[in-house]
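What follows is coords06.cif (mmCIF, C-alpha atoms).
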data_start
loop_
_atom_site.label_atom_id
_atom_site.label_comp_id
_atom_site.auth_asym_id
_atom_site.auth_seq_id
_atom_site.Cartn_x
_atom_site.Cartn_y
_atom_site.Cartn_z
CA MET A 20 25.14 99.19 109.32
CA SER A 21 28.27 99.29 111.45
CA PHE A 22 28.99 100.32 115.01
CA SER A 23 31.01 103.45 115.72
CA ASN A 24 31.61 105.28 118.97
CA THR A 25 33.64 108.20 117.63
CA ASN A 26 34.81 110.12 114.58
CA THR A 27 38.55 110.03 113.85
CA GLY A 28 38.28 112.25 110.80
CA ASP A 29 40.98 111.45 108.25
CA LYS A 30 42.92 109.32 110.77
CA ILE A 31 42.82 105.52 110.58
CA ALA A 32 40.53 104.36 113.37
CA ASP A 33 42.06 100.87 113.65
CA PRO A 34 45.82 101.26 113.11
CA TYR A 35 46.60 97.75 114.39
CA LYS A 36 44.57 96.16 111.59
CA GLU A 37 46.01 98.56 109.04
CA LYS A 38 49.58 97.85 110.16
CA ASN A 39 49.27 94.07 110.29
CA SER A 40 46.96 93.29 107.35
CA ASP A 41 48.82 91.04 104.91
CA VAL A 42 47.02 91.59 101.60
CA ASN A 43 49.75 91.03 99.01
CA VAL A 44 49.63 87.27 99.13
CA THR A 45 48.19 84.60 96.81
CA ILE A 46 45.13 82.50 97.62
CA LYS A 47 47.38 79.45 97.60
CA GLU A 48 49.70 80.85 100.25
CA LYS A 49 46.81 82.10 102.38
CA VAL A 50 45.00 78.77 102.37
CA GLU A 51 48.09 76.64 102.81
CA ASP A 52 49.35 78.72 105.75
CA LEU A 53 45.89 78.50 107.32
CA THR A 54 45.61 74.73 106.91
CA ASP A 55 49.16 74.19 108.19
CA PHE A 56 48.29 76.21 111.29
CA ILE A 57 45.05 74.28 111.85
CA SER A 58 46.84 70.95 111.51
CA ALA A 59 49.48 72.04 114.01
CA CYS A 60 46.82 73.12 116.52
CA LYS A 61 44.68 69.99 115.95
CA PHE A 62 42.16 71.04 118.62
CA GLY A 63 39.67 73.83 117.96
CA MET A 64 36.52 75.29 119.47
CA MET A 65 33.33 74.51 117.55
CA THR A 66 30.58 77.10 118.09
CA THR A 67 26.96 76.21 117.30
CA ARG A 68 23.64 77.88 118.01
CA VAL A 69 21.06 76.23 120.27
CA GLY A 70 17.81 76.08 118.31
CA ASP A 71 15.26 76.86 121.01
CA SER A 72 17.17 79.65 122.78
CA GLY A 73 19.57 81.07 120.20
CA ALA A 74 22.43 80.71 122.70
CA LEU A 75 25.91 80.14 121.28
CA VAL A 76 27.74 77.08 122.62
CA SER A 77 31.41 76.18 122.06
CA ARG A 78 33.00 72.77 122.45
CA CYS A 79 36.58 71.57 122.04
CA MET A 80 36.87 69.30 119.00
CA ALA A 81 39.76 67.32 117.54
CA LEU A 82 40.36 67.73 113.82
CA ALA A 83 39.80 64.40 112.06
CA GLY A 84 40.57 65.41 108.49
CA LYS A 85 40.42 68.07 105.79
CA GLU A 86 38.84 68.19 102.33
CA SER A 87 38.70 70.53 99.33
CA GLY A 88 42.42 71.25 99.46
CA GLY A 89 42.31 71.71 103.22
CA ILE A 90 39.68 74.44 103.43
CA ASP A 91 36.78 72.20 104.59
CA LEU A 92 37.17 70.53 107.97
CA ILE A 93 36.14 67.09 109.24
CA PHE A 94 35.28 66.20 112.85
CA HIS A 95 33.93 63.07 114.54
CA THR A 96 30.72 63.25 116.53
CA ASN A 97 28.37 61.15 118.58
CA THR A 98 25.15 61.57 116.61
CA GLU A 99 23.17 61.56 119.86
CA SER A 100 24.97 64.62 121.29
CA GLY A 101 23.72 68.16 121.70
CA LYS A 102 25.86 69.59 118.92
CA THR A 103 24.11 67.47 116.32
CA ASP A 104 20.78 68.85 117.55
CA ASP A 105 22.17 72.38 117.19
CA ILE A 106 23.44 71.77 113.67
CA ASP A 107 20.20 70.11 112.63
CA SER A 108 18.26 73.24 113.62
CA ASP A 109 20.84 75.79 112.40
CA SER A 110 23.73 74.76 110.16
CA HIS A 111 25.74 77.96 110.63
CA ILE A 112 28.97 77.25 112.49
CA ASN A 113 32.32 78.69 113.52
CA ILE A 114 35.55 76.85 114.23
CA SER A 115 38.35 78.71 116.01
CA PHE A 116 41.95 77.75 116.78
CA LEU A 117 44.52 79.32 119.11
CA ASN A 118 48.05 78.43 120.14
CA SER A 119 50.25 79.51 123.04
CA SER A 120 52.05 82.11 120.89
CA GLY A 121 48.83 84.01 120.31
CA GLU A 122 48.37 82.90 116.71
CA TRP A 123 44.73 82.25 115.91
CA ALA A 124 42.26 81.34 113.20
CA SER A 125 38.49 81.64 112.79
CA ILE A 126 36.57 79.76 110.08
CA SER A 127 32.90 80.51 109.46
CA GLY A 128 30.67 78.32 107.36
CA THR A 129 27.97 75.69 107.44
CA ALA A 130 27.97 72.20 108.93
CA SER A 131 26.44 68.95 107.76
CA ILE A 132 26.09 65.68 109.65
CA ILE A 133 27.22 62.69 107.61
CA THR A 134 26.27 59.15 108.67
CA ASP A 135 27.17 57.38 105.45
CA THR A 136 29.06 54.21 106.43
CA ALA A 137 31.77 54.64 103.79
CA VAL A 138 32.58 58.15 104.99
CA VAL A 139 32.55 57.14 108.66
CA GLU A 140 34.89 54.22 107.92
CA ARG A 141 37.23 56.49 105.96
CA TYR A 142 37.79 58.73 108.97
CA TYR A 143 37.29 56.19 111.77
CA HIS A 144 39.93 55.93 114.49
CA PRO A 145 40.01 53.32 117.30
CA THR A 146 40.35 56.05 119.96
CA LEU A 147 36.68 56.85 119.37
CA LYS A 148 35.87 53.85 121.56
CA ALA A 149 37.14 55.78 124.56
CA TRP A 150 34.59 58.53 123.93
CA LEU A 151 31.56 56.48 122.95
CA GLY A 152 32.04 53.44 125.13
CA ASP A 153 30.77 49.91 124.52
CA LEU A 154 27.12 49.56 125.55
CA GLY A 155 27.42 45.77 125.44
CA ASP A 156 24.54 45.23 123.02
CA GLY A 157 26.67 44.08 120.08
CA THR A 158 25.81 47.21 118.06
CA HIS A 159 26.84 50.28 120.01
CA ASP A 160 30.43 49.20 120.67
CA GLY A 161 32.41 52.26 119.55
CA GLY A 162 33.59 50.41 116.46
CA PRO A 163 33.46 51.64 112.85
CA HIS A 164 29.90 50.33 112.42
CA ASP A 165 28.50 51.88 115.59
CA PRO A 166 25.51 53.93 114.32
CA ARG A 167 26.27 56.63 116.90
CA ILE A 168 29.44 57.62 115.04
CA GLY A 169 28.94 60.42 112.57
CA ILE A 170 31.00 62.98 110.74
CA ILE A 171 30.54 66.74 110.99
CA LYS A 172 31.78 68.37 107.81
CA VAL A 173 32.35 72.10 108.08
CA THR A 174 32.11 73.71 104.66
CA ALA A 175 34.04 76.95 105.02
CA ARG A 176 32.57 80.22 103.82
CA THR A 177 35.15 82.74 105.05
CA ALA A 178 38.24 82.67 107.23
CA THR A 179 40.33 85.13 109.20
CA TYR A 180 43.61 84.32 110.87
CA ALA A 181 46.78 85.80 112.30
CA VAL A 182 50.17 84.12 112.25
CA ILE A 183 53.37 85.55 113.67
CA LYS A 184 55.84 87.14 111.28
CA LYS A 185 58.57 88.16 113.75
CA SER A 186 60.62 86.60 116.52
CA ALA A 187 59.48 86.85 120.13
CA ILE A 188 62.20 89.42 120.85
CA SER A 189 61.17 91.55 117.88
CA ARG A 190 57.51 91.43 118.91
CA VAL A 191 58.33 92.51 122.46
CA ALA A 192 60.38 95.38 121.05
CA GLU A 193 57.54 96.39 118.72
CA ILE A 194 55.03 96.41 121.57
CA ALA A 195 57.39 98.37 123.83
CA GLN A 196 57.94 100.90 121.08
CA GLY A 197 54.19 101.16 120.59
CA VAL A 198 53.66 101.89 124.27
CA THR A 199 56.32 104.62 124.14
CA THR A 200 55.49 106.22 120.81
CA GLY A 201 51.80 105.44 120.35
CA LYS A 202 52.49 103.70 117.04
CA ALA A 203 50.63 100.43 116.40
CA ALA A 204 52.83 97.36 116.72
CA SER A 205 53.52 95.27 113.62
CA VAL A 206 53.59 91.73 115.00
CA ASN A 207 51.27 89.52 112.92
CA LYS A 208 50.34 88.51 109.43
CA LEU A 209 46.62 89.30 109.63
CA ARG A 210 44.84 87.67 106.70
CA GLU A 211 41.28 87.30 105.48
CA ILE A 212 40.04 84.71 102.99
CA SER A 213 36.88 85.92 101.30
CA GLU A 214 33.87 83.89 100.27
CA GLN A 215 34.92 84.24 96.63
CA GLU A 216 38.47 83.10 97.38
CA VAL A 217 37.17 80.06 99.28
CA ALA A 218 34.91 79.17 96.34
CA THR A 219 37.79 79.58 93.88
CA TRP A 220 40.09 77.38 95.97
CA ARG A 221 37.44 74.70 96.47
CA SER A 222 36.68 74.62 92.73
CA SER A 223 40.37 74.30 91.81
CA ASN A 224 40.77 71.37 94.20
CA LYS A 225 37.73 69.34 93.14
CA MET A 226 39.79 67.17 90.84
CA VAL A 227 42.39 66.57 93.56
CA GLU A 228 40.01 64.94 96.06
#

Render the structure in this file as structure tokens.
Amino acid sequence: MSFSNTNTGDKIADPYKEKNSDVNVTIKEKVEDLTDFISACKFGMMTTRVGDSGALVSRCMALAGKESGGIDLIFHTNTESGKTDDIDSDSHINISFLNSSGEWASISGTASIITDTAVVERYYHPTLKAWLGDLGDGTHDGGPHDPRIGIIKVTARTATYAVIKKSAISRVAEIAQGVTTGKAASVNKLREISEQEVATWRSSNKMVE
């Protein structure tokens, strides 16, 4: 089922999407442009679902790494935080990124909490001490062996993103023209990476990891 509030007949109901959709592009270019954008943003909003209420909660998270050719994302976590409770009860997750130019990305998938020491050490960074603190008991010190430090791995399922394809002046002109003429502005490269494309990319990058 899908929501509709009107009937546009043979007219395109969403001309913005039609005008900006960038479909004639390879999986390689789509994924690489997405991962480059994510790396440049570094900070994203992680949305999880609270198990007992179903409420959606978003938190700002710093990207700690990427796997599977860049499509799967790695974040640090305190294992004793609310987000690990959310993920434990419902692994579905969304990560979104936005920059000041209006470019954005949304990655949907599933999350897993990894506490394996080798994985934690691989992605450990000393700045984690500032977030976890040293409890002074010789164990929970914010170091690489602190059992509170875990990894959230987001295994992507689908992704949608928009990156700018024109200069700021050109975009302003497009929008102004759209206001005057009623024609949708062509300002972005609007791309979707399907579940099948994600699976194909991940499979082709298994030997690279």

> Could you pull the residues within 7 Å of Leu209 of chain A, counting all atoms listed in the file, minus those fewer than 4 positions along the same chain, as a list in words?
Replying inline: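 Neighbouring residues, sequence-local ones excluded: Asn39, Ser40, Asp41, Tyr180, Ala181 and Val182 of chain A.
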
Applying the PyMOL selection byres ((chain A and resi 165-169) around 8) to the file I just gave you, which residues come out? Please list them as a CSV table (one decimal) with C-alpha atoms, keeping the file's coordinate frame.
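Once everything was written out, this is result-v4.csv:
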chain,number,residue,atom,x,y,z
A,95,HIS,CA,33.9,63.1,114.5
A,96,THR,CA,30.7,63.2,116.5
A,97,ASN,CA,28.4,61.2,118.6
A,98,THR,CA,25.2,61.6,116.6
A,99,GLU,CA,23.2,61.6,119.9
A,132,ILE,CA,26.1,65.7,109.6
A,133,ILE,CA,27.2,62.7,107.6
A,134,THR,CA,26.3,59.2,108.7
A,135,ASP,CA,27.2,57.4,105.4
A,139,VAL,CA,32.6,57.1,108.7
A,158,THR,CA,25.8,47.2,118.1
A,159,HIS,CA,26.8,50.3,120.0
A,160,ASP,CA,30.4,49.2,120.7
A,161,GLY,CA,32.4,52.3,119.6
A,162,GLY,CA,33.6,50.4,116.5
A,163,PRO,CA,33.5,51.6,112.8
A,164,HIS,CA,29.9,50.3,112.4
A,170,ILE,CA,31.0,63.0,110.7
A,171,ILE,CA,30.5,66.7,111.0

>> For Ala32 of chain A, find every residue with an atom within 10 Å (counting all atoms listed in the file), except residues of its own chain fewer than 6 positions away, and show them as a ChimeraX atom specification.
In response: /A:23,25-26

> Nearest to Asn118 of chain A among A:Tyr35, A:Phe56, A:Phe22, A:Trp220, with distances taken over only C-alpha atoms: which residue is it?
Replying inline: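 Residue with the minimum atom-to-atom distance to Asn118 of chain A: A:Phe56.
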
>> the PyMOL selection byres ((chain A and resi 121) around 10) - which residues does that actually catch in the file I just gave you? List them as a list of chain:residue names.
In response: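 Listing what the PyMOL selection byres ((chain A and resi 121) around 10) selects in the shown file: A:Phe116, A:Leu117, A:Asn118, A:Ser119, A:Ser120, A:Glu122, A:Trp123, A:Ala181, A:Val182, A:Ile183, A:Asn207.
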
> Looking at all atoms listed in the file, which of A:Ala178, A:Ala218, A:Leu92, A:Leu154 is the one that sits closest to Lys49 of chain A?
Replying inline: A:Ala178

> Suppose you want the space between atom CA of Ser108 of chain A and atom CA of Thr129 of chain A; what is it in Å?
Replying inline: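 So the two atoms, atom CA of Ser108 of chain A and atom CA of Thr129 of chain A, lie 11.8 Å apart.
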